[in-house]
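Chemist: After the structure tokens below, expect a handful of questions from me.
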Amino acid sequence: MNRIKILYRNSLFHSLFNFSDPRAKGRSCMLLSNILVTVVNTMTTGVFYTGFLLANDINMVDIGVLGFIPFLTSIFSIFTPIILNRFSKRKKILTISRITFYTLNILGITVVPMLKLGHNTTYFIFIVIVFLAHSTNFLFTSGYSVWQVNFIPENVRANYFSFQQIISGIMSAITVLTSGFITDSVKNSGHQLEVMTIMRIVAFAVAITECIILALPREYEYQKTTNFSIRSLITTPFKHHKFIATMAIVFIWNFGSYLSMAAFDVYILDTVQVSYTMISFINAAYSLFLITLSPMWKKILSRNDWLKTFAIAALMHAPTVFLNGFVNPYNYFWLYTTMRLFQHFIGVGLNLTFANMAYVHLPDKDQTHCMSFFVLVTNAASFTGQLVGTSFIAATPNFSLNLFGYAYSNVSVLVWVQAGIIVLVALGILKFGPILKTDRLSN
């Protein structure tokens, strides 16, 4: 046991995550928070959220509308610096806002269908709750990033994100396998909705625990800025040209990602009829890829920069997205499974590099402005992508394209467009990325 203790205390993991050093304690709390958020998101977002809404008679278009409301509310993030600059210590207000968000978004959405208010009333209340929850979240969420950037300096960042993804991936695998198996097991009993409801209540308890853990690290002194206005919050980040160029990449990427996301989840569950258990097993397999392939992707990253590694992974990712557009009830077992597993292989590098995108060219000054702008850009892009995708689905309900003996729907078209956008982003980075490494642009 003593030998094991010595090995552990001399390990890279212990140097990154411990409670004796204030910054390592901060990273430890961030890691625990990320693990719990992964569990919460597994049970309350993605296919389980889609399934919960479908079970409450919400259709594809209405699910799409609910999906882009959170991104619409991201506009409130521009007020974050104005509010937070009034506080020398921000821990309490950040914690209260996070608890409020979870209460509305998880518990509120779960309880409303129990009231039996009718379809239209229930859907309207869903819209109000989602709007209020995410408005609250976006008013304060970037405050966490400014606080936590102190814990992840450049020299530890790659190792931090690597450990974070591996451990969170393992927890996600355990949670998604358990949730998927239980959900499918009661599918024919008529109690599937009740099980999903219990899952969401459990997720709410986990979420409150996450809020408490995230409030434990030390707060450092925040940089004071007196020139706060709505105009400055929009214009200040544009003074940092490398940061803005990176945000352009983030915008285009998120737009493409959310173009088909909500519709594809509904298509897989409702049209193709893929079981929760199968989806869960495939998603859970990602943790194995993380454990085995993280060293390889970190080595690739050490030979390239963050953006070039992201571009390489994106070019590999594009064909798998394109082929996913051909998934149908007759070929999903082999095609969907194969493409998703390839995406796991590529996703290790893709997620590792994208997780650092906000920090790649984050300037030393105006960080509160820039992190608020990052939140605004990511969500504005996601909102635009989901709005365009949902509008296309609503405008083409009877679309049908016959290929290889099967009639593909408008969802497939959105997936193919997404693949094209991925290629454009990757080629753009490879062509213009080297400029960001020079002094031709300011940061």
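Ligands are numbered from 1 in the order shown, chains are lettered A, B, ... in the order of the structure tokens, and residues start at 1 in each chain.
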A:Thr136: which residues within 9 Å, counting only C-alpha atoms, same-chain residues fewer than 6 positions away excluded, as an NGL selection string?
Modeler: :A and (73 or 76 or 97-98 or 100-101)
Chemist: As a ChimeraX atom specification, please: every residue in stretch 367-434 of chain A that DSSP puts in alpha helix (DSSP H).
Modeler: /A:367-395,410-434
Chemist: Given only C-alpha atoms as the basis, pick out the residue of A:Phe87, A:Phe163, A:Phe13, A:Phe238 nearest to A:Ile35.
Modeler: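 Ranking A:Phe87, A:Phe163, A:Phe13, A:Phe238 by distance to A:Ile35, first place goes to A:Phe163.
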Chemist: Could you give me, as a Markdown table, a per-residue list for stretch 9-78 of chain A showing, wherever an atom lies at most 8 Å from an atom of stretch 266-274 of chain A, the closest pair of atoms and their distance in Å to one decimal, using only C-alpha atoms and sorting by chain then residue number from low to high?
Modeler:
| residue | atom | partner | partner_atom | distance |
| --- | --- | --- | --- | --- |
| A:Val47 | CA | A:Leu269 | CA | 7.7 |
| A:Thr50 | CA | A:Val266 | CA | 6.7 |
| A:Gly51 | CA | A:Leu269 | CA | 7.7 |
| A:Met60 | CA | A:Val266 | CA | 6.4 |
Chemist: Produce a file of the selected residues containing C-alpha atoms, as an mmCIF file, in the first residue's frame.
Modeler:
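Just written: part32.cif:
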data_model
loop_
_atom_site.group_PDB
_atom_site.id
_atom_site.type_symbol
_atom_site.label_atom_id
_atom_site.label_comp_id
_atom_site.auth_asym_id
_atom_site.auth_seq_id
_atom_site.Cartn_x
_atom_site.Cartn_y
_atom_site.Cartn_z
ATOM 1 C CA VAL A 47 -31.767 11.246 -26.696
ATOM 2 C CA THR A 50 -35.828 13.947 -26.794
ATOM 3 C CA GLY A 51 -37.446 10.706 -25.600
ATOM 4 C CA MET A 60 -40.126 17.015 -34.107
#
Chemist: Excluding A:Val195 and its own-chain neighbours fewer than 2 positions away, which residues fall within 12 Å of it when counting only C-alpha atoms? Please give them as a ChimeraX atom specification.
Modeler: /A:43,48,51-52,55,110,178-187,189-193,197-202
Chemist: Restricting the output to N, CA and C atoms, write the selected residues as a short mmCIF file (atom, residue, chain, number, x, y, z; two decimals), in the first residue's frame.
Modeler:
data_model
loop_
_atom_site.label_atom_id
_atom_site.label_comp_id
_atom_site.auth_asym_id
_atom_site.auth_seq_id
_atom_site.Cartn_x
_atom_site.Cartn_y
_atom_site.Cartn_z
N MET A 43 -28.55 12.17 -18.42
CA MET A 43 -29.92 11.80 -18.06
C MET A 43 -30.97 12.84 -18.45
N PHE A 48 -32.29 11.14 -24.29
CA PHE A 48 -33.20 10.96 -23.16
C PHE A 48 -34.13 12.17 -23.01
N GLY A 51 -36.49 11.76 -25.93
CA GLY A 51 -37.45 10.71 -25.60
C GLY A 51 -38.48 11.17 -24.60
N PHE A 52 -38.06 11.96 -23.61
CA PHE A 52 -38.99 12.49 -22.60
C PHE A 52 -40.02 13.39 -23.26
N ALA A 55 -42.43 11.34 -25.42
CA ALA A 55 -43.38 10.62 -24.56
C ALA A 55 -44.48 11.55 -24.05
N THR A 110 -39.67 18.64 -15.52
CA THR A 110 -40.12 17.31 -15.09
C THR A 110 -41.51 17.36 -14.47
N THR A 178 -26.54 2.36 -17.98
CA THR A 178 -27.56 2.06 -16.97
C THR A 178 -28.90 2.67 -17.35
N SER A 179 -28.88 3.94 -17.75
CA SER A 179 -30.12 4.64 -18.11
C SER A 179 -30.78 4.02 -19.33
N GLY A 180 -29.98 3.71 -20.35
CA GLY A 180 -30.52 3.13 -21.57
C GLY A 180 -31.12 1.76 -21.34
N PHE A 181 -30.42 0.92 -20.56
CA PHE A 181 -30.91 -0.43 -20.27
C PHE A 181 -32.22 -0.38 -19.49
N ILE A 182 -32.29 0.48 -18.47
CA ILE A 182 -33.51 0.58 -17.67
C ILE A 182 -34.67 1.10 -18.51
N THR A 183 -34.40 2.12 -19.33
CA THR A 183 -35.45 2.72 -20.16
C THR A 183 -36.03 1.71 -21.14
N ASP A 184 -35.16 0.95 -21.82
CA ASP A 184 -35.65 -0.06 -22.77
C ASP A 184 -36.33 -1.22 -22.07
N SER A 185 -35.88 -1.57 -20.86
CA SER A 185 -36.43 -2.71 -20.14
C SER A 185 -37.91 -2.51 -19.81
N VAL A 186 -38.31 -1.27 -19.58
CA VAL A 186 -39.70 -0.99 -19.21
C VAL A 186 -40.52 -0.44 -20.37
N LYS A 187 -39.92 -0.49 -21.59
CA LYS A 187 -40.59 0.11 -22.75
C LYS A 187 -41.97 -0.49 -23.00
N SER A 189 -43.81 -2.07 -20.85
CA SER A 189 -44.64 -2.15 -19.64
C SER A 189 -45.56 -0.95 -19.50
N GLY A 190 -45.32 0.08 -20.33
CA GLY A 190 -46.13 1.29 -20.23
C GLY A 190 -45.62 2.26 -19.18
N HIS A 191 -44.45 1.98 -18.59
CA HIS A 191 -43.93 2.83 -17.52
C HIS A 191 -42.65 3.56 -17.93
N GLN A 192 -42.38 3.64 -19.23
CA GLN A 192 -41.14 4.27 -19.68
C GLN A 192 -41.07 5.74 -19.28
N LEU A 193 -42.18 6.46 -19.39
CA LEU A 193 -42.21 7.87 -19.03
C LEU A 193 -41.94 8.05 -17.54
N THR A 197 -38.90 10.13 -15.80
CA THR A 197 -39.19 11.15 -14.80
C THR A 197 -38.32 10.96 -13.56
N ILE A 198 -38.20 9.71 -13.10
CA ILE A 198 -37.36 9.41 -11.94
C ILE A 198 -35.90 9.75 -12.24
N MET A 199 -35.44 9.41 -13.47
CA MET A 199 -34.08 9.74 -13.87
C MET A 199 -33.82 11.23 -13.76
N ARG A 200 -34.77 12.04 -14.15
CA ARG A 200 -34.59 13.49 -14.12
C ARG A 200 -34.56 14.01 -12.68
N ILE A 201 -35.35 13.41 -11.80
CA ILE A 201 -35.33 13.82 -10.40
C ILE A 201 -33.99 13.47 -9.75
N VAL A 202 -33.47 12.28 -10.06
CA VAL A 202 -32.14 11.89 -9.57
C VAL A 202 -31.09 12.85 -10.11
#
